[in-house]
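Trainee: Structure file coords.txt (compact mmCIF, C-alpha atoms and all ligand atoms) is given on the next line.
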```
# COMPACT_ATOMS: atom_id res chain seq x y z
CA MET V 1 89.95 66.25 78.94
CA ARG V 2 88.33 69.56 78.14
CA LEU V 3 89.64 72.58 79.88
CA HIS V 4 87.16 75.35 80.52
CA ILE V 5 88.72 78.75 80.95
CA PHE V 6 86.30 81.52 81.81
CA LEU V 7 87.47 85.10 81.76
CA SER V 8 84.90 87.74 82.60
CA TYR V 9 86.98 90.39 80.83
CA PRO V 10 90.31 90.65 78.91
CA GLY V 11 93.48 89.86 80.90
CA PRO V 12 94.58 92.34 83.55
CA VAL V 13 97.67 94.55 83.34
CA SER V 14 99.87 94.94 86.41
CA ALA V 15 98.99 98.60 87.05
CA ALA V 16 95.47 99.57 86.07
CA ILE V 17 96.18 103.27 86.63
CA GLU V 18 99.51 105.16 86.57
CA VAL V 19 99.70 108.86 87.33
CA HIS V 20 102.90 110.95 87.35
CA GLY V 21 103.11 114.68 87.94
CA LEU V 22 99.44 115.28 87.13
CA VAL V 23 98.49 118.96 87.04
CA LYS V 24 95.11 120.56 86.33
CA GLN V 25 94.77 124.33 86.24
CA TYR V 26 91.42 126.12 86.00
CA GLY V 27 92.72 129.59 85.10
CA ASN V 28 94.77 130.63 88.12
CA LEU V 29 93.41 127.86 90.32
CA SER V 30 95.66 124.83 90.69
CA ALA V 31 92.95 122.19 91.30
CA VAL V 32 95.47 119.34 91.01
CA GLY V 33 99.02 120.39 91.79
CA GLY V 34 101.36 117.64 90.58
CA ILE V 35 100.27 114.28 92.00
CA ASP V 36 101.65 110.75 91.60
CA PHE V 37 100.00 107.45 92.36
CA SER V 38 99.39 104.06 90.87
CA VAL V 39 96.59 101.54 91.31
CA PRO V 40 97.41 97.83 90.88
CA ALA V 41 94.88 95.89 88.80
CA GLY V 42 92.29 93.99 90.80
CA THR V 43 92.46 96.25 93.86
CA VAL V 44 90.18 98.84 95.45
CA PHE V 45 91.75 102.30 95.61
CA SER V 46 90.01 105.03 97.57
CA PHE V 47 90.65 108.67 96.82
CA LEU V 48 89.81 110.82 99.84
CA GLY V 49 89.82 114.52 100.58
CA PRO V 50 87.68 117.42 101.76
CA ASN V 51 85.27 119.28 99.45
CA GLY V 52 87.10 120.98 96.59
CA ALA V 53 90.29 118.94 97.13
CA GLY V 54 90.54 117.81 93.49
CA LYS V 55 89.00 114.32 93.60
CA THR V 56 86.38 114.69 90.86
CA THR V 57 88.82 116.64 88.68
CA THR V 58 91.37 113.80 88.94
CA THR V 59 88.71 111.12 88.49
CA GLU V 60 87.35 112.74 85.33
CA ILE V 61 90.86 113.14 83.91
CA LEU V 62 91.37 109.40 84.43
CA GLU V 63 88.02 108.73 82.73
CA GLY V 64 89.02 110.85 79.73
CA LEU V 65 86.28 113.40 80.41
CA ARG V 66 88.58 116.32 81.30
CA ARG V 67 91.84 117.32 79.72
CA ARG V 68 94.87 117.51 81.99
CA THR V 69 97.11 120.57 81.94
CA SER V 70 100.28 118.44 82.24
CA GLY V 71 101.66 115.16 83.57
CA ASP V 72 101.54 111.53 82.49
CA VAL V 73 98.40 109.44 82.91
CA GLU V 74 97.86 105.85 81.80
CA VAL V 75 94.64 103.93 82.39
CA LEU V 76 94.74 100.29 81.22
CA GLY V 77 97.82 101.32 79.27
CA LEU V 78 95.89 104.02 77.39
CA ASP V 79 96.05 107.80 77.46
CA PRO V 80 92.53 108.70 78.64
CA TRP V 81 92.39 111.92 76.62
CA THR V 82 93.70 110.72 73.27
CA ASP V 83 92.45 107.10 73.53
CA GLY V 84 89.09 107.96 75.11
CA ALA V 85 86.93 105.90 72.73
CA ALA V 86 88.92 102.71 73.36
CA LEU V 87 89.03 103.37 77.08
CA HIS V 88 85.30 104.01 77.46
CA ARG V 89 84.50 100.50 76.23
CA ARG V 90 86.59 99.08 79.09
CA ILE V 91 85.64 101.22 82.08
CA GLY V 92 82.44 101.87 84.03
CA VAL V 93 81.67 105.25 85.56
CA ILE V 94 79.26 106.64 88.13
CA PRO V 95 79.68 110.41 88.05
CA GLN V 96 79.19 112.45 91.21
CA ASP V 97 75.46 113.47 91.32
CA PHE V 98 74.44 110.84 88.79
CA ARG V 99 71.39 111.92 86.72
CA PHE V 100 69.49 110.22 83.90
CA PHE V 101 66.49 110.79 81.58
CA GLU V 102 63.54 111.43 83.91
CA LYS V 103 60.92 109.26 82.20
CA ILE V 104 63.00 106.19 81.39
CA THR V 105 62.58 103.00 83.47
CA ALA V 106 65.44 101.13 85.11
CA ARG V 107 65.07 98.32 82.57
CA GLU V 108 65.07 100.77 79.63
CA ALA V 109 68.12 102.58 81.02
CA ILE V 110 70.10 99.32 81.06
CA GLU V 111 68.81 98.36 77.59
CA TYR V 112 69.95 101.78 76.35
CA TYR V 113 73.47 101.28 77.75
CA ARG V 114 73.46 97.70 76.45
CA ALA V 115 72.81 98.98 72.93
CA LEU V 116 75.53 101.64 73.29
CA PHE V 117 78.11 99.07 74.35
CA HIS V 118 76.85 96.15 72.20
CA THR V 119 76.62 93.81 75.20
CA ASP V 120 73.97 91.23 76.05
CA VAL V 121 73.71 91.82 79.79
CA ASP V 122 70.38 90.88 81.39
CA PRO V 123 68.75 93.96 83.04
CA ALA V 124 67.07 91.79 85.71
CA ARG V 125 70.36 90.12 86.70
CA LEU V 126 72.19 93.43 86.90
CA LEU V 127 69.41 95.10 88.92
CA ALA V 128 69.29 92.10 91.27
CA GLN V 129 73.05 92.51 91.82
CA VAL V 130 72.51 96.07 93.13
CA GLU V 131 69.28 95.14 94.99
CA LEU V 132 67.01 97.16 92.71
CA LEU V 133 65.10 94.40 90.96
CA ASP V 134 61.80 95.51 92.52
CA LYS V 135 62.14 98.81 90.64
CA ILE V 136 62.88 97.34 87.21
CA ASP V 137 59.81 99.01 85.67
CA ALA V 138 59.91 102.19 87.76
CA ARG V 139 60.69 105.48 86.00
CA PHE V 140 63.89 107.30 86.96
CA ASP V 141 62.04 110.32 88.38
CA THR V 142 60.16 108.08 90.82
CA LEU V 143 63.32 106.51 92.31
CA SER V 144 64.66 107.69 95.68
CA GLY V 145 68.16 109.20 95.86
CA GLY V 146 69.65 105.90 96.96
CA GLN V 147 67.80 103.94 94.28
CA LYS V 148 69.12 106.34 91.63
CA GLN V 149 72.66 105.68 92.89
CA LYS V 150 72.06 101.94 92.68
CA LEU V 151 70.83 102.30 89.11
CA GLY V 152 73.96 104.36 88.36
CA LEU V 153 76.07 101.49 89.68
CA ALA V 154 74.14 98.98 87.55
CA LEU V 155 74.72 101.17 84.47
CA ALA V 156 78.42 101.42 85.29
CA LEU V 157 78.55 97.60 85.14
CA THR V 158 76.65 97.20 81.85
CA ASN V 159 79.81 96.90 79.73
CA ASN V 160 81.54 94.38 82.06
CA PRO V 161 84.25 96.96 82.90
CA GLU V 162 87.83 96.28 83.93
CA ILE V 163 87.87 99.42 86.09
CA CYS V 164 84.87 100.97 87.87
CA PHE V 165 85.18 104.65 88.73
CA LEU V 166 82.72 105.41 91.51
CA ASP V 167 82.60 109.09 92.53
CA GLU V 168 80.81 109.20 95.91
CA PRO V 169 78.49 106.28 95.10
CA THR V 170 77.10 106.07 98.65
CA THR V 171 76.51 109.74 99.42
CA GLY V 172 73.02 110.21 100.85
CA LEU V 173 72.28 106.49 101.12
CA ASP V 174 70.78 104.95 104.25
CA PRO V 175 73.03 102.52 106.19
CA HIS V 176 71.40 99.45 104.67
CA ALA V 177 71.70 100.74 101.10
CA ARG V 178 75.34 101.70 101.72
CA ARG V 179 76.08 98.17 102.83
CA ALA V 180 74.42 96.84 99.68
CA ILE V 181 76.80 99.01 97.59
CA TRP V 182 79.76 97.82 99.70
CA ALA V 183 78.78 94.23 98.91
CA VAL V 184 78.76 95.06 95.19
CA ILE V 185 82.18 96.73 95.46
CA ARG V 186 83.55 93.64 97.24
CA SER V 187 82.11 91.38 94.55
CA LEU V 188 83.65 93.56 91.82
CA LYS V 189 87.04 93.10 93.44
CA GLY V 190 86.33 89.37 93.83
CA GLU V 191 85.79 89.22 90.06
CA GLY V 192 89.26 90.72 89.54
CA ARG V 193 88.10 94.22 88.59
CA THR V 194 89.76 97.41 89.77
CA VAL V 195 87.67 99.92 91.72
CA PHE V 196 88.53 103.62 91.98
CA LEU V 197 86.33 104.98 94.75
CA THR V 198 85.94 108.48 96.09
CA THR V 199 84.01 108.89 99.32
CA HIS V 200 83.56 111.18 102.29
CA TYR V 201 82.79 108.16 104.50
CA LEU V 202 86.18 107.30 105.92
CA GLU V 203 85.03 104.06 107.51
CA GLU V 204 83.91 102.94 104.07
CA ALA V 205 87.43 103.49 102.72
CA GLU V 206 88.93 101.76 105.75
CA LEU V 207 86.67 98.74 105.22
CA LEU V 208 86.90 98.41 101.45
CA ALA V 209 90.14 99.89 100.16
CA ASP V 210 93.44 98.08 99.69
CA ARG V 211 95.12 101.46 99.35
CA VAL V 212 93.99 105.04 99.84
CA ALA V 213 95.36 108.47 98.98
CA ILE V 214 94.31 111.64 100.77
CA ILE V 215 94.31 114.73 98.57
CA HIS V 216 94.07 118.27 99.94
CA HIS V 217 94.22 121.46 97.87
CA GLY V 218 95.39 119.40 94.90
CA LYS V 219 98.31 117.70 96.72
CA ILE V 220 98.50 114.16 98.08
CA ILE V 221 99.19 114.47 101.82
CA ALA V 222 99.11 110.76 102.72
CA ALA V 223 99.05 107.48 100.79
CA GLY V 224 99.24 103.80 101.60
CA THR V 225 97.10 101.08 103.09
CA PRO V 226 94.64 102.38 105.72
CA ALA V 227 96.68 100.56 108.40
CA GLU V 228 99.95 102.16 107.21
CA ILE V 229 98.41 105.64 107.23
CA ILE V 230 96.98 105.12 110.72
CA ARG V 231 100.30 103.71 111.98
CA ALA V 232 102.29 106.61 110.52
CA ASN V 233 99.95 109.41 111.58
CA GLY V 234 97.73 108.08 114.38
CA ARG V 235 98.14 108.36 118.12
CA PRO V 236 99.13 105.19 120.04
CA GLU V 237 96.39 102.91 121.35
CA ARG V 238 94.88 104.18 124.61
CA ILE V 239 93.07 102.92 127.69
CA GLU V 240 90.08 105.11 128.52
CA VAL V 241 87.85 105.27 131.58
CA ALA V 242 85.16 107.69 132.71
CA GLY V 243 86.51 109.44 135.81
CA PRO V 244 87.13 112.79 137.53
CA PRO V 245 90.04 115.12 136.58
CA GLU V 246 91.80 114.15 139.84
CA LEU V 247 92.19 110.67 138.39
CA ALA V 248 94.23 112.13 135.53
CA THR V 249 96.44 114.00 138.01
CA TYR V 250 96.93 110.82 140.07
CA LEU V 251 97.83 108.75 137.00
CA GLU V 252 100.25 111.36 135.73
CA GLN V 253 102.07 111.20 139.06
CA HIS V 254 102.13 107.38 139.18
CA LEU V 255 102.66 106.48 135.53
CA ASP V 256 105.46 107.97 133.52
CA ARG V 257 103.49 109.03 130.43
CA PRO V 258 100.98 111.57 129.10
CA VAL V 259 97.40 111.38 130.42
CA ALA V 260 94.59 113.24 128.65
CA VAL V 261 91.14 114.31 129.85
CA GLU V 262 88.39 114.86 127.28
CA ASN V 263 84.60 114.88 127.70
CA GLY V 264 84.81 113.40 131.20
CA ARG V 265 87.05 110.57 130.02
CA VAL V 266 90.59 109.98 131.17
CA SER V 267 92.88 108.31 128.64
CA VAL V 268 96.38 106.90 128.96
CA GLU V 269 98.59 105.82 126.07
CA LEU V 270 99.49 102.14 125.98
CA ALA V 271 103.17 101.41 125.48
CA ASP V 272 102.47 97.70 124.84
CA LYS V 273 99.84 95.09 125.62
CA SER V 274 101.20 94.12 129.04
CA ASP V 275 100.97 97.79 129.99
CA ALA V 276 97.18 97.54 130.26
CA LEU V 277 97.29 95.69 133.59
CA LYS V 278 99.69 98.22 135.07
CA ILE V 279 97.45 101.13 134.03
CA LEU V 280 94.28 99.46 135.32
CA GLY V 281 96.11 98.65 138.59
CA ALA V 282 97.02 102.33 138.98
CA ILE V 283 93.44 103.42 138.22
CA GLU V 284 92.10 101.03 140.88
CA ALA V 285 94.83 102.01 143.38
CA SER V 286 93.83 105.68 143.07
CA GLY V 287 90.70 104.94 145.12
CA LEU V 288 88.83 107.40 142.91
CA PRO V 289 85.54 106.48 141.20
CA TRP V 290 85.87 105.20 137.64
CA ASP V 291 83.66 103.44 135.15
CA SER V 292 83.14 102.30 131.54
CA PHE V 293 86.58 101.00 130.64
CA GLN V 294 87.54 100.69 126.97
CA THR V 295 90.58 100.71 124.74
CA SER V 296 90.57 103.02 121.76
CA ARG V 297 92.70 103.39 118.68
CA ASP V 298 92.63 105.98 115.92
CA THR V 299 90.50 105.30 112.90
CA LEU V 300 91.26 106.50 109.39
CA GLU V 301 88.72 109.26 110.06
CA ASP V 302 90.62 110.45 113.18
CA VAL V 303 93.84 110.58 111.16
CA PHE V 304 92.15 112.27 108.19
CA VAL V 305 90.65 115.00 110.38
CA ARG V 306 94.00 115.62 112.09
CA LEU V 307 96.07 115.67 108.87
CA VAL V 308 93.67 117.99 107.03
CA GLY V 309 93.35 120.19 110.14
CA GLN V 310 97.15 120.45 110.47
CA MET V 311 97.47 121.46 106.82
CA ASP V 312 94.76 124.11 107.21
CA ASP V 313 96.34 125.46 110.42
CA GLY V 314 99.72 125.63 108.65
CA ALA V 315 98.17 127.48 105.71
CA LEU V 316 96.41 129.92 108.07
CA LYS V 317 99.66 130.67 109.93
CA GLN V 318 101.43 131.31 106.64
CA GLU V 319 98.69 133.71 105.55
CA THR V 320 98.54 135.62 108.84
CA PRO V 321 100.65 138.82 108.53
CA ARG V 322 103.26 139.19 111.28
N1 LIG B 401 85.08 123.31 85.57
C1 LIG B 401 85.67 123.99 86.54
N2 LIG B 401 86.07 125.26 86.37
C2 LIG B 401 86.71 125.95 87.35
N3 LIG B 401 87.00 125.43 88.56
C3 LIG B 401 86.64 124.18 88.79
C4 LIG B 401 85.95 123.38 87.81
N4 LIG B 401 85.71 122.14 88.33
C5 LIG B 401 86.22 122.18 89.57
N5 LIG B 401 86.76 123.39 89.85
C6 LIG B 401 87.44 123.76 91.11
O1 LIG B 401 88.52 122.85 91.30
C7 LIG B 401 88.63 122.48 92.68
C8 LIG B 401 88.54 120.98 92.79
O2 LIG B 401 87.19 120.58 92.48
P1 LIG B 401 86.74 119.05 92.47
O3 LIG B 401 85.36 119.01 91.93
O4 LIG B 401 87.78 118.26 91.78
O5 LIG B 401 86.75 118.74 94.04
P2 LIG B 401 86.31 117.43 94.83
O6 LIG B 401 87.50 116.98 95.62
O7 LIG B 401 85.67 116.46 93.92
O8 LIG B 401 85.23 118.03 95.86
P3 LIG B 401 83.84 117.42 96.43
O9 LIG B 401 84.23 116.54 97.59
O10 LIG B 401 83.11 118.64 96.90
O11 LIG B 401 83.14 116.70 95.32
C9 LIG B 401 87.55 123.26 93.41
O12 LIG B 401 88.15 124.43 93.95
C10 LIG B 401 86.55 123.61 92.32
O13 LIG B 401 85.87 124.81 92.63
MG MG B 402 83.80 115.64 93.76
```
Translate this file's structure into structure tokens.
Ligand SMILES: Nc1ncnc2c1ncn2[C@@H]1O[C@H](COP(=O)(O)OP(=O)(O)OP(=O)(O)O)[C@@H](O)[C@H]1O
Ligand SMILES: [Mg+2]
Mentor:
Amino acid sequence: MRLHIFLSYPGPVSAAIEVHGLVKQYGNLSAVGGIDFSVPAGTVFSFLGPNGAGKTTTTEILEGLRRRTSGDVEVLGLDPWTDGAALHRRIGVIPQDFRFFEKITAREAIEYYRALFHTDVDPARLLAQVELLDKIDARFDTLSGGQKQKLGLALALTNNPEICFLDEPTTGLDPHARRAIWAVIRSLKGEGRTVFLTTHYLEEAELLADRVAIIHHGKIIAAGTPAEIIRANGRPERIEVAGPPELATYLEQHLDRPVAVENGRVSVELADKSDALKILGAIEASGLPWDSFQTSRDTLEDVFVRLVGQMDDGALKQETPR
């Protein structure tokens, strides 16, 4: 019996990325202020944070493109700064604001990367994977923003990488094109690769990432699976109806819990599932008009906005002279 073993890339290590006490100073500015995280091989890790938080700085340190000030960093067991040449053969990168030679076609761009990395990847197959096959002979300067991003993703895959670093790969893409990139990211994970993804689209992180870290002013303020972060920082699930403010007053008097009114909607926190009937019974018993019932729970975006807002409010209070 012949046993066929097919490996698309060399065997995985348990942690693809390990970061301990990472610091990056630009002069007096502490862009990354001592962060720790690790990314298991074969998972999607999403690095989130507002503009200027330190995402690209961290990403480029991991890629061996920027030198860290201090801390320990291992990517595929290598030090990205001192072992950059070895690392670059094993990772794929889409930089933020990906640019390329203006007059080169998509096919030529892949052939160029193929020669750099000594691989035999088929440009047509790779472009089909990112849904850009129809532009195989189009020049870079004639591609739309989204098509350029897709070509960037194809180039990042030319060397069959173990880790793909994608810095805002879907920024500016239309909803259909974003979904096409999501499908590629899912297939990369399905092939056992590790994906390090930065994005400002929180629902994208919630959908794709096994684990996320939220960085703010160079510090990690939350980390875990999206569900863990929502559970730890989100508000409880709520029942919401459209109704007058008097409904909120009535419910507060008849139910022993906080009731909120926002944008003409009255919302009551759910203690548990069986609670829903009790709350709806009270709403109906009020005799007041109500409509458009729904339950709502916090998304990663709700939690992100609240956490970052709390940190900014705290910083403002500290700066305000008494
Ligand atoms: N080469 C540099 N020299 C000096 N300061 C820099 C340099 N690169 C980045 N910074 C600063 O470091 C901080 C972090 O920048 P970084 O690009 O890592 O943020 P980011 O989280 O990627 O933001 P964005 O979401 O806008 O891409 C910012 O305050 C930025 O101005
Ligand atoms: Mg950035």
Trainee: Neighbours of ligand MG 402 (chain B) at 10 Å or closer, counting only C-alpha atoms and all ligand atoms: which residues, as a PyMOL selection string?
Mentor: chain V and resi 48-60+95-97+167-168+198-200
Trainee: Output, as JSON, the centre and edge lengths in Å (one decimal) of the axis-aligned box that contains all listed atoms of range 38-51 of chain V with 6 Å of margin on each side.
Mentor:
```
{"center_x": 92.3, "center_y": 106.6, "center_z": 95.3, "size_x": 26.1, "size_y": 37.3, "size_z": 25.0}
```
Trainee: If you measure from CA of Gly281 in chain V to CA of Glu262 in chain V, what distance in Å do you get, rounded to one decimal?
Mentor: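 We find that CA of Gly281 in chain V and CA of Glu262 in chain V lie 21.2 Å from each other.
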Trainee: Calculate how many Å separate CA of Phe98 in chain V from CA of Pro169 in chain V, rounding to one decimal.
Mentor: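 Atom-to-atom, CA of Phe98 in chain V and CA of Pro169 in chain V are spaced 8.8 Å apart.
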Trainee: Using only C-alpha atoms, which residues sit within 10 Å of Ser14 in chain V once same-chain residues fewer than 6 positions away are excluded, as a list in words?
Mentor: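 These residues fall inside the cut-off: Val39, Pro40, Ala41, Gly42, Leu76 and Gly77 of chain V.
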Trainee: Contacts of Ile35 in chain V at 9 Å or less, counting only C-alpha atoms, minus same-chain residues fewer than 6 places along, as number ranges by chain?
Mentor: V: 19-23, 71, 215, 218-220
Trainee: I'd like to know which of V:Ala205, V:Leu151, V:Ile91, V:Ala128 is closest to Glu108 in chain V, using all atoms listed in the file.
Mentor: V:Leu151
Trainee: Quick one: of V:Ala282, V:Leu78, V:Ala222, V:Val259, who's nearest to Phe37 in chain V, counting only C-alpha atoms?
Mentor: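 Using only C-alpha atoms, Phe37 in chain V sits closest to V:Ala222.
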Trainee: Out of V:Gly287, V:Gly27, V:Gly64, V:Pro245, which residue has the shortest atom-to-atom distance to ligand LIG 401 (chain B) when counting only C-alpha atoms and all ligand atoms?
Mentor: V:Gly27
Trainee: Which distance in Å separates CA of Ala124 in chain V and CA of Arg107 in chain V, to one decimal?
Mentor: 7.5 Å
Trainee: Have a look at V:Ile230, V:Asp72, V:His217, V:Gly172 and name the one nearest to ligand LIG 401 (chain B); count only C-alpha atoms and all ligand atoms.
Mentor: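 Among the listed residues, V:His217 lies closest to ligand LIG 401 (chain B).
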